[in-house]
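data22.txt follows (compact mmCIF, C-alpha atoms):
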```txt
# COMPACT_ATOMS: atom_id res chain seq x y z
CA MET A 29 -2.57 -10.94 -41.17
CA PRO A 30 -2.31 -14.15 -43.23
CA THR A 31 -3.84 -17.08 -41.39
CA ARG A 32 -0.81 -19.22 -42.23
CA SER A 33 1.06 -17.59 -39.34
CA PHE A 34 -1.07 -19.37 -36.77
CA ASN A 35 -0.23 -22.88 -35.61
CA ARG A 36 -3.86 -23.92 -35.24
CA VAL A 37 -4.61 -22.87 -38.83
CA ASN A 38 -1.74 -24.27 -40.86
CA GLY A 39 -0.56 -27.16 -38.70
CA PHE A 40 2.71 -25.54 -37.60
CA ARG A 41 5.34 -28.08 -36.60
CA PRO A 42 7.68 -26.90 -33.82
CA ARG A 43 10.56 -29.01 -35.11
CA ARG A 44 11.03 -26.70 -38.10
CA PHE A 45 12.70 -24.30 -35.68
CA LEU A 46 14.97 -26.83 -34.01
CA TYR A 47 18.60 -26.52 -35.11
CA LYS A 48 21.39 -28.99 -34.54
CA SER A 49 24.04 -26.95 -32.80
CA SER A 50 24.68 -23.79 -30.86
CA GLN A 51 27.28 -22.90 -33.50
CA THR A 52 24.54 -22.92 -36.14
CA ARG A 53 22.41 -20.69 -33.93
CA ARG A 54 25.19 -18.15 -33.59
CA ARG A 55 25.65 -18.00 -37.37
CA ARG A 56 22.02 -17.15 -38.04
CA ASN A 57 19.45 -14.71 -36.74
CA LEU A 58 17.29 -17.55 -35.53
CA PRO A 59 13.88 -17.59 -33.90
CA GLY A 60 13.99 -18.32 -30.21
CA ARG A 61 17.28 -16.55 -29.58
CA SER A 62 16.92 -13.14 -27.93
CA GLN A 63 19.65 -10.60 -28.46
CA ARG A 64 20.63 -11.15 -24.85
CA GLY A 65 20.10 -14.14 -22.63
CA GLU A 66 19.45 -17.79 -23.37
CA ASN A 67 18.41 -19.70 -26.47
CA ILE A 68 14.74 -20.65 -26.13
CA ASP A 69 13.26 -23.48 -28.16
CA PRO A 70 10.29 -21.85 -29.99
CA ALA A 71 8.27 -25.00 -29.36
CA LYS A 72 8.05 -23.83 -25.74
CA PHE A 73 5.99 -20.84 -26.94
CA ILE A 74 3.22 -23.17 -28.14
CA ASN A 75 0.66 -24.69 -25.79
CA LYS A 76 -3.04 -25.31 -26.10
CA ALA A 77 -5.22 -23.84 -23.40
CA ILE A 78 -7.15 -26.17 -21.11
CA MET A 79 -10.21 -24.38 -19.82
CA PRO A 80 -11.84 -25.32 -16.49
CA GLU A 81 -14.73 -27.11 -18.15
CA THR A 82 -12.32 -29.51 -19.86
CA ALA A 83 -9.65 -29.67 -17.14
CA ASP A 84 -9.83 -31.49 -13.85
CA CYS A 85 -11.95 -29.28 -11.62
CA PHE A 86 -10.19 -28.14 -8.47
CA VAL A 87 -12.18 -28.80 -5.32
CA PRO A 88 -10.77 -26.86 -2.33
CA GLU A 89 -10.45 -28.53 1.03
CA HIS A 90 -11.82 -25.41 2.71
CA LYS A 91 -14.37 -22.69 2.34
CA PHE A 92 -13.41 -19.18 3.44
CA GLN A 93 -15.66 -19.65 6.47
CA ASP A 94 -13.51 -22.61 7.51
CA PHE A 95 -10.38 -20.49 7.94
CA LYS A 96 -9.64 -19.37 11.48
CA ILE A 97 -9.51 -15.69 10.56
CA ASP A 98 -11.61 -12.70 11.54
CA GLN A 99 -15.11 -12.66 10.02
CA ARG A 100 -14.51 -9.15 8.66
CA LEU A 101 -11.71 -10.52 6.51
CA ILE A 102 -13.98 -13.26 5.20
CA ASN A 103 -16.57 -10.62 4.34
CA ALA A 104 -13.92 -8.52 2.60
CA VAL A 105 -12.58 -11.38 0.50
CA THR A 106 -16.13 -12.29 -0.53
CA ALA A 107 -16.68 -8.67 -1.55
CA ARG A 108 -13.49 -8.95 -3.60
CA GLY A 109 -15.22 -11.54 -5.74
CA TYR A 110 -13.70 -14.77 -4.42
CA LYS A 111 -16.37 -17.48 -4.02
CA LEU A 112 -14.05 -20.32 -3.03
CA PRO A 113 -10.34 -20.32 -2.17
CA THR A 114 -7.94 -20.74 -5.05
CA PRO A 115 -5.46 -23.65 -4.71
CA ILE A 116 -2.71 -21.43 -3.25
CA GLN A 117 -5.15 -19.80 -0.83
CA ASP A 118 -6.61 -23.15 0.17
CA GLN A 119 -3.20 -24.46 1.25
CA VAL A 120 -1.34 -21.35 2.43
CA ILE A 121 -3.92 -19.63 4.65
CA PRO A 122 -4.39 -22.37 7.29
CA ARG A 123 -0.63 -23.01 7.57
CA ALA A 124 0.18 -19.31 7.76
CA VAL A 125 -2.40 -18.90 10.54
CA GLU A 126 -0.61 -21.70 12.41
CA GLY A 127 2.67 -19.76 12.17
CA PHE A 128 4.65 -21.95 9.77
CA ASP A 129 7.36 -20.63 7.48
CA ILE A 130 6.09 -21.16 3.95
CA VAL A 131 7.59 -21.56 0.51
CA GLY A 132 4.77 -21.02 -2.00
CA ILE A 133 5.31 -21.89 -5.65
CA ALA A 134 2.40 -20.97 -7.89
CA ASN A 135 1.69 -19.62 -11.33
CA THR A 136 1.06 -15.91 -11.32
CA GLY A 137 -2.60 -14.87 -11.30
CA THR A 138 -3.67 -17.48 -8.76
CA GLY A 139 -4.70 -15.24 -5.84
CA LYS A 140 -1.32 -15.36 -4.11
CA THR A 141 -1.53 -11.86 -2.60
CA ALA A 142 -4.72 -12.63 -0.69
CA ALA A 143 -3.16 -15.95 0.38
CA PHE A 144 -0.61 -14.13 2.52
CA LEU A 145 -2.47 -10.89 3.34
CA LEU A 146 -5.52 -12.51 4.95
CA PRO A 147 -3.68 -14.54 7.61
CA LEU A 148 -1.22 -11.71 8.31
CA ILE A 149 -3.90 -9.06 8.78
CA ASP A 150 -5.65 -11.52 11.08
CA LYS A 151 -2.38 -11.80 13.00
CA ILE A 152 -2.40 -8.02 13.50
CA ILE A 153 -6.05 -8.07 14.59
CA ASN A 154 -5.17 -10.57 17.32
CA ASP A 155 -2.09 -8.65 18.44
CA ARG A 156 -1.99 -4.92 17.72
CA LYS A 157 1.73 -4.84 18.50
CA GLU A 158 2.43 -7.15 15.58
CA LYS A 159 4.31 -5.61 12.64
CA ILE A 160 4.54 -7.07 9.16
CA LEU A 161 7.18 -6.39 6.50
CA ILE A 162 6.36 -7.21 2.88
CA ILE A 163 9.09 -6.91 0.24
CA ALA A 164 8.45 -6.95 -3.52
CA PRO A 165 10.89 -6.40 -6.39
CA THR A 166 9.11 -3.58 -8.23
CA ARG A 167 7.31 -0.44 -7.15
CA GLU A 168 4.23 -1.38 -9.20
CA LEU A 169 3.88 -4.70 -7.40
CA ALA A 170 4.51 -3.15 -3.97
CA ILE A 171 1.87 -0.49 -4.62
CA GLN A 172 -0.58 -3.14 -5.77
CA ILE A 173 -0.02 -5.20 -2.60
CA ASP A 174 -0.45 -2.06 -0.49
CA GLN A 175 -3.76 -1.33 -2.20
CA GLU A 176 -4.93 -4.87 -1.47
CA PHE A 177 -3.83 -4.54 2.15
CA LYS A 178 -5.83 -1.33 2.54
CA PHE A 179 -8.88 -2.97 0.98
CA PHE A 180 -8.87 -5.97 3.30
CA ALA A 181 -8.04 -3.90 6.42
CA LYS A 182 -10.54 -1.11 5.74
CA GLY A 183 -12.37 0.05 8.85
CA MET A 184 -10.22 -1.97 11.25
CA GLY A 185 -7.83 0.78 12.35
CA ILE A 186 -4.92 -1.09 10.73
CA PHE A 187 -2.59 0.97 8.56
CA SER A 188 0.28 0.33 6.15
CA VAL A 189 3.07 2.45 4.73
CA CYS A 190 4.24 1.93 1.15
CA CYS A 191 7.99 2.57 0.74
CA VAL A 192 9.19 2.40 -2.86
CA GLY A 193 11.79 4.10 -5.00
CA GLY A 194 10.85 6.55 -7.72
CA MET A 195 8.59 8.49 -5.34
CA GLY A 196 9.39 11.35 -3.00
CA ILE A 197 10.94 9.97 0.17
CA GLY A 198 9.64 12.86 2.28
CA ARG A 199 6.04 11.65 2.21
CA GLN A 200 7.13 8.15 3.16
CA ILE A 201 9.19 9.47 6.09
CA SER A 202 6.16 11.44 7.23
CA ASP A 203 3.91 8.36 7.01
CA LEU A 204 6.45 6.34 9.04
CA ARG A 205 6.05 8.78 11.95
CA ARG A 206 2.42 7.67 12.30
CA SER A 207 1.10 4.47 13.76
CA TYR A 208 1.34 1.58 11.30
CA SER A 209 1.20 -2.20 11.33
CA ALA A 210 2.80 -3.01 7.99
CA ILE A 211 5.52 -1.72 5.73
CA ILE A 212 5.22 -2.75 2.10
CA GLY A 213 8.03 -1.79 -0.25
CA THR A 214 11.01 -2.47 -2.45
CA PRO A 215 14.34 -3.63 -0.96
CA GLY A 216 16.41 -0.61 -1.97
CA ARG A 217 14.04 2.00 -0.54
CA ILE A 218 13.48 0.04 2.67
CA LYS A 219 17.25 -0.30 3.17
CA ASP A 220 17.64 3.44 2.52
CA LEU A 221 15.04 4.30 5.17
CA ILE A 222 16.68 1.92 7.65
CA GLY A 223 19.99 3.66 7.00
CA ARG A 224 18.39 7.04 7.64
CA GLY A 225 17.05 5.79 10.95
CA LYS A 226 13.42 6.10 9.81
CA ILE A 227 12.65 2.38 10.04
CA SER A 228 13.56 0.26 13.02
CA LEU A 229 13.29 -3.46 12.42
CA LEU A 230 12.83 -4.11 16.12
CA GLY A 231 9.37 -5.56 16.58
CA PHE A 232 9.10 -7.02 13.08
CA LYS A 233 8.64 -10.75 13.44
CA THR A 234 6.84 -11.52 10.20
CA ILE A 235 8.20 -10.97 6.70
CA VAL A 236 6.94 -11.75 3.21
CA LEU A 237 9.30 -12.03 0.25
CA ASP A 238 7.12 -11.88 -2.87
CA GLU A 239 8.45 -12.69 -6.36
CA ALA A 240 11.70 -13.68 -4.69
CA ASP A 241 13.30 -14.94 -7.88
CA ARG A 242 12.86 -11.52 -9.44
CA MET A 243 14.61 -9.89 -6.48
CA LEU A 244 17.53 -12.18 -7.16
CA ASP A 245 17.49 -11.32 -10.89
CA MET A 246 17.34 -7.58 -10.20
CA GLY A 247 20.33 -7.65 -7.86
CA PHE A 248 18.36 -7.04 -4.66
CA ILE A 249 19.68 -10.07 -2.82
CA ASN A 250 22.26 -8.14 -0.76
CA ASP A 251 19.67 -5.53 0.24
CA THR A 252 17.32 -8.35 1.21
CA ARG A 253 20.03 -10.05 3.27
CA PHE A 254 20.68 -6.73 5.04
CA ILE A 255 17.00 -6.39 5.90
CA MET A 256 16.65 -10.00 7.03
CA SER A 257 19.69 -9.65 9.31
CA GLY A 258 17.88 -6.95 11.30
CA ILE A 259 14.74 -8.98 11.96
CA SER A 260 14.30 -11.21 14.98
CA ARG A 261 15.48 -14.78 14.54
CA GLU A 262 12.15 -15.79 16.06
CA ARG A 263 10.24 -14.88 12.96
CA GLN A 264 7.76 -16.18 10.42
CA VAL A 265 8.84 -15.97 6.78
CA LEU A 266 6.49 -16.37 3.83
CA PHE A 267 8.41 -16.83 0.58
CA PHE A 268 6.65 -16.76 -2.80
CA SER A 269 7.76 -17.23 -6.36
CA ALA A 270 6.35 -18.47 -9.64
CA THR A 271 9.70 -20.05 -10.54
CA ILE A 272 12.48 -21.62 -8.51
CA SER A 273 16.18 -22.27 -9.15
CA ASN A 274 19.26 -23.56 -7.35
CA GLU A 275 20.07 -20.00 -6.22
CA ILE A 276 16.58 -19.59 -4.82
CA GLU A 277 16.91 -22.91 -2.99
CA ARG A 278 20.06 -21.57 -1.30
CA ILE A 279 18.20 -18.43 -0.21
CA ILE A 280 15.37 -20.56 1.17
CA ARG A 281 17.86 -22.51 3.29
CA GLU A 282 19.42 -19.26 4.44
CA PHE A 283 16.24 -17.37 5.37
CA LEU A 284 13.67 -19.99 6.39
CA ARG A 285 13.45 -22.67 9.06
CA ASN A 286 11.78 -26.00 8.22
CA PRO A 287 9.32 -24.37 5.82
CA VAL A 288 6.14 -25.94 4.59
CA ARG A 289 6.47 -26.23 0.83
CA ILE A 290 3.34 -25.59 -1.14
CA SER A 291 3.36 -25.97 -4.90
CA VAL A 292 0.19 -25.65 -6.89
CA LYS A 293 1.79 -25.40 -10.32
CA THR A 294 0.45 -28.00 -12.75
CA ARG A 295 2.79 -26.88 -15.51
CA GLU A 296 5.20 -24.03 -16.17
CA THR A 297 2.52 -21.76 -17.62
CA ALA A 298 -1.14 -21.40 -16.70
CA GLU A 299 -3.44 -23.91 -18.34
CA THR A 300 -5.86 -21.17 -19.38
CA ILE A 301 -3.37 -19.47 -21.72
CA GLU A 302 -3.45 -20.35 -25.41
CA GLN A 303 0.15 -19.96 -26.60
CA ASP A 304 1.34 -19.69 -30.17
CA VAL A 305 3.97 -18.12 -32.40
CA ILE A 306 3.64 -15.61 -35.21
CA LYS A 307 6.32 -16.17 -37.84
CA ILE A 308 7.08 -13.00 -39.77
CA GLU A 309 7.48 -13.99 -43.40
CA GLY A 310 6.63 -13.00 -46.94
CA GLY A 311 8.45 -9.68 -46.79
CA ARG A 312 6.12 -8.25 -44.14
CA SER A 313 7.38 -6.25 -41.18
CA LYS A 314 6.61 -6.98 -37.52
CA LEU A 315 4.80 -3.65 -37.31
CA GLU A 316 2.52 -4.50 -40.24
CA VAL A 317 1.61 -7.84 -38.70
CA LEU A 318 1.04 -6.23 -35.30
CA ASN A 319 -1.26 -3.60 -36.82
CA ASP A 320 -3.33 -6.30 -38.49
CA LEU A 321 -3.68 -8.24 -35.24
CA LEU A 322 -4.62 -5.21 -33.14
CA SER A 323 -7.32 -4.28 -35.64
CA ARG A 324 -9.18 -7.49 -34.86
CA GLU A 325 -12.16 -7.23 -32.54
CA GLU A 326 -10.97 -9.95 -30.16
CA PHE A 327 -7.75 -8.03 -29.39
CA ASN A 328 -9.62 -5.80 -26.97
CA LYS A 329 -7.07 -5.40 -24.15
CA VAL A 330 -3.50 -6.12 -25.18
CA LEU A 331 -0.20 -6.03 -23.31
CA ILE A 332 2.80 -5.87 -25.66
CA PHE A 333 6.32 -6.62 -24.41
CA GLY A 334 9.44 -5.18 -26.01
CA ARG A 335 13.12 -5.55 -25.19
CA THR A 336 14.34 -1.96 -24.75
CA LYS A 337 13.01 1.23 -23.21
CA TYR A 338 13.62 3.14 -26.43
CA GLY A 339 11.94 0.50 -28.58
CA VAL A 340 8.91 0.31 -26.30
CA GLU A 341 8.42 4.08 -26.31
CA ARG A 342 8.83 4.28 -30.09
CA LEU A 343 6.33 1.44 -30.67
CA SER A 344 3.80 3.03 -28.31
CA LYS A 345 3.97 6.35 -30.15
CA THR A 346 3.74 4.63 -33.53
CA LEU A 347 0.59 2.78 -32.46
CA SER A 348 -0.92 5.97 -31.04
CA ASN A 349 -0.22 7.79 -34.30
CA SER A 350 -1.97 4.93 -36.12
CA GLY A 351 -5.15 5.56 -34.14
CA PHE A 352 -4.82 2.95 -31.39
CA LYS A 353 -5.37 3.88 -27.76
CA ALA A 354 -1.90 3.03 -26.50
CA ASP A 355 0.57 4.05 -23.81
CA SER A 356 3.84 2.69 -22.41
CA ILE A 357 5.63 1.65 -19.23
CA HIS A 358 9.42 1.46 -19.01
CA GLY A 359 12.35 2.50 -16.86
CA ASN A 360 12.78 5.94 -18.44
CA LYS A 361 9.36 7.04 -17.20
CA ASN A 362 9.01 8.43 -13.70
CA HIS A 363 6.70 6.94 -11.11
CA SER A 364 3.69 9.16 -11.81
CA GLN A 365 3.94 8.55 -15.56
CA ARG A 366 4.11 4.78 -15.08
CA GLN A 367 1.18 4.77 -12.65
CA LYS A 368 -0.89 6.94 -14.97
CA ALA A 369 -0.34 4.58 -17.91
CA LEU A 370 -1.06 1.54 -15.75
CA ASN A 371 -4.27 3.04 -14.33
CA LEU A 372 -5.47 4.04 -17.81
CA PHE A 373 -4.97 0.44 -18.93
CA LYS A 374 -6.61 -1.03 -15.86
CA GLY A 375 -9.55 1.34 -16.31
CA ASN A 376 -9.92 0.44 -20.02
CA GLN A 377 -9.29 4.04 -21.09
CA ILE A 378 -6.53 2.69 -23.27
CA THR A 379 -6.63 -0.75 -24.86
CA ILE A 380 -2.92 -1.31 -25.51
CA LEU A 381 -0.02 -1.09 -23.07
CA VAL A 382 3.50 -1.46 -24.43
CA ALA A 383 6.04 -2.38 -21.75
CA THR A 384 9.47 -3.65 -20.92
CA ASP A 385 9.81 -6.49 -18.42
CA VAL A 386 9.14 -3.98 -15.63
CA ALA A 387 5.48 -4.93 -16.16
CA ALA A 388 6.10 -8.68 -16.37
CA ARG A 389 5.99 -9.55 -12.68
CA GLY A 390 3.09 -9.77 -10.31
CA LEU A 391 0.84 -7.05 -11.70
CA ASP A 392 -2.84 -7.92 -11.49
CA ILE A 393 -4.61 -6.38 -14.48
CA ALA A 394 -8.11 -7.67 -15.09
CA ASP A 395 -9.25 -9.10 -18.41
CA VAL A 396 -6.09 -8.81 -20.51
CA SER A 397 -7.19 -10.62 -23.67
CA HIS A 398 -3.75 -10.97 -25.26
CA VAL A 399 -0.07 -10.76 -24.41
CA ILE A 400 2.17 -10.21 -27.40
CA ASN A 401 5.92 -10.76 -27.19
CA TYR A 402 6.95 -8.28 -29.88
CA ASP A 403 10.54 -9.10 -28.94
CA VAL A 404 11.55 -12.58 -27.79
CA PRO A 405 12.16 -12.52 -24.01
CA ALA A 406 15.70 -12.89 -22.68
CA THR A 407 14.91 -16.06 -20.72
CA TYR A 408 12.13 -18.60 -20.50
CA ASP A 409 11.41 -17.45 -16.93
CA ASP A 410 10.80 -13.96 -18.33
CA TYR A 411 8.41 -15.53 -20.86
CA ILE A 412 6.46 -17.28 -18.09
CA HIS A 413 6.03 -14.05 -16.18
CA ARG A 414 5.14 -11.98 -19.22
CA ILE A 415 2.33 -14.22 -20.39
CA GLY A 416 1.08 -14.58 -16.81
CA ARG A 417 -0.59 -11.19 -17.24
CA THR A 418 -3.38 -12.92 -19.20
CA GLY A 419 -5.47 -16.03 -18.48
CA ARG A 420 -5.79 -15.07 -14.82
CA LEU A 421 -8.18 -16.71 -12.34
CA ASP A 422 -9.49 -19.29 -14.82
CA LYS A 423 -10.24 -16.79 -17.60
CA LYS A 424 -8.92 -17.69 -21.04
CA GLY A 425 -6.04 -15.64 -22.43
CA VAL A 426 -3.87 -15.72 -25.52
CA ALA A 427 -0.09 -15.28 -25.70
CA LEU A 428 1.61 -14.75 -29.04
CA THR A 429 5.37 -14.54 -29.66
CA PHE A 430 6.77 -12.91 -32.78
CA ILE A 431 9.49 -14.97 -34.47
CA ASP A 432 11.62 -13.32 -37.15
```

In structure tokens, write the structure found in this file.
Amino acid sequence: MPTRSFNRVNGFRPRRFLYKSSQTRRRRNLPGRSQRGENIDPAKFINKAIMPETADCFVPEHKFQDFKIDQRLINAVTARGYKLPTPIQDQVIPRAVEGFDIVGIANTGTGKTAAFLLPLIDKIINDRKEKILIIAPTRELAIQIDQEFKFFAKGMGIFSVCCVGGMGIGRQISDLRRSYSAIIGTPGRIKDLIGRGKISLLGFKTIVLDEADRMLDMGFINDTRFIMSGISRERQVLFFSATISNEIERIIREFLRNPVRISVKTRETAETIEQDVIKIEGGRSKLEVLNDLLSREEFNKVLIFGRTKYGVERLSKTLSNSGFKADSIHGNKNHSQRQKALNLFKGNQITILVATDVAARGLDIADVSHVINYDVPATYDDYIHRIGRTGRLDKKGVALTFID
């Protein structure tokens, strides 16, 4: 890989990619324009990382011991590796304990899941009749939240049921016949189970909408409205997103009552992510450049995003045939295949995961060294979520975007 492709090596100037008119963009196959979606200024793919030692150091207002939650939860979160609350945890937990509706806006990878699970499990501890509903846009994220719930609630006699599409519904129906305190799932499957009479929303007075903007993007808003209409008006709603729009603001006004707004975003992307572009030039192919990058020692755990299911699968097989330990996640794979690939990547049994945007939201994968946008994302919001898989919890990450 020629070093000239890197901004920090050859003094890349973003303005070289700025064109005067949308008409000019349409006439050329320009960098920054995906084959679907918006035009994205390539300069937005370039940002220097600011590591904690050089950035303003966050000092939380609270320690975990200060929160009015059960000591067993404090012990569990300490065992999880948290020493001090993250900014979102520091602000959300005390207000959630007090029963406020909350709108939480935070970069992904900031400990958001624990921010809502800890106060809500404490709510169940204090009232065993309490039932919690947590809705996430993708099965992978819902499963991850369910795993976190089980970790924090271990040994307390508090149980959850995970209800997601792509898995056999029979097992979920069976689990719903047992005693549970929380349902965690995707909107479509939850609505289906309500329609079958297997879930009654009576008794649910607390609901979490996680990655709410993604639910809007994926067309789940009507399913979510259906679910919300069945829950008591006397309810607590916790609403989380890494991005916010006018449509999301309308949903907030529709679903929440006088919410406390908590935003801990300092910029659109995490400060710990070094962002740059790779310009494909000199007659080289994207695949050649990618192979050169992946052969470098520092590219030790890499998440590669492509545009299409077919393209992602083909790239994964090509990399495997080249000797890399690679697998893929996309919509043409069934649930067990996607979970297997994800678990292999999390467990470092493979070092490269090639994915569509199904893996861009919410997934917590430790120590991803690099995110590579092999195909330019459709929107800048998609870019934010893709690169949020690296640079998590104050660890440095690198995000590279290929520009033809």

Taking only residues of region 284-320 of chain A that have an atom at most 8 Å from an atom of region 95-116 of chain A, what is each one's shortest atom pair and its distance in Å to one decimal, using all atoms listed in the file, in chain and number order, as JSON lines?
```
{"residue": "A:Ile290", "atom": "CA", "partner": "A:Ile116", "partner_atom": "CA", "distance": 7.6}
{"residue": "A:Ser291", "atom": "CA", "partner": "A:Ile116", "partner_atom": "CA", "distance": 7.8}
{"residue": "A:Val292", "atom": "CA", "partner": "A:Ile116", "partner_atom": "CA", "distance": 6.3}
```

With C-alpha atoms retained, export the selected residues as a PDB file, in the coordinates of the input.
```
ATOM      1  CA  ILE A 290       3.340 -25.590  -1.140  1.00  0.00           C
ATOM      2  CA  SER A 291       3.360 -25.970  -4.900  1.00  0.00           C
ATOM      3  CA  VAL A 292       0.190 -25.650  -6.890  1.00  0.00           C
TER       4      VAL A 292
END
```

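The spacing separating CA of Gly193 (chain A) from CA of Arg217 (chain A) amounts to 5.4 Å.
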
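Proximity to Ile152 (chain A) was assessed for A:Asn75, A:Thr234, A:Thr429, A:Thr418 counting all atoms listed in the file; the smallest distance is recorded for A:Thr234.
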
Of A:Phe232, A:Phe430, A:Tyr408, A:Phe283, the one sitting nearest Gly258 (chain A) when using only C-alpha atoms is A:Phe232

Listed atoms of region 108-122 of chain A boxed axis-aligned with 8 Å per side, centre + edges as lines of an AutoDock Vina configuration file:
```
center_x = -8.9
center_y = -16.7
center_z = 0.8
size_x = 31.0
size_y = 31.5
size_z = 29.0
```

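Neighbours of region 347-353 of chain A closer than or equal to 10 Å, with all atoms listed in the file counted and sequence neighbours fewer than 2 positions away skipped, come out as A:Leu315, A:Leu318, A:Asn319, A:Leu322, A:Ser323, A:Arg342, A:Leu343, A:Ser344, A:Lys345, A:Asp355, A:Leu372, A:Phe373, A:Asn376, A:Gln377, A:Ile378, A:Thr379, A:Ile380, A:Leu381, A:Val382.
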
Export of the given selection (C-alpha atoms) as a compact mmCIF listing (two decimals), in the coordinates of the input:
```
# COMPACT_ATOMS: atom_id res chain seq x y z
CA LEU A 315 4.80 -3.65 -37.31
CA LEU A 318 1.04 -6.23 -35.30
CA ASN A 319 -1.26 -3.60 -36.82
CA LEU A 322 -4.62 -5.21 -33.14
CA SER A 323 -7.32 -4.28 -35.64
CA ARG A 342 8.83 4.28 -30.09
CA LEU A 343 6.33 1.44 -30.67
CA SER A 344 3.80 3.03 -28.31
CA LYS A 345 3.97 6.35 -30.15
CA ASP A 355 0.57 4.05 -23.81
CA LEU A 372 -5.47 4.04 -17.81
CA PHE A 373 -4.97 0.44 -18.93
CA ASN A 376 -9.92 0.44 -20.02
CA GLN A 377 -9.29 4.04 -21.09
CA ILE A 378 -6.53 2.69 -23.27
CA THR A 379 -6.63 -0.75 -24.86
CA ILE A 380 -2.92 -1.31 -25.51
CA LEU A 381 -0.02 -1.09 -23.07
CA VAL A 382 3.50 -1.46 -24.43
```
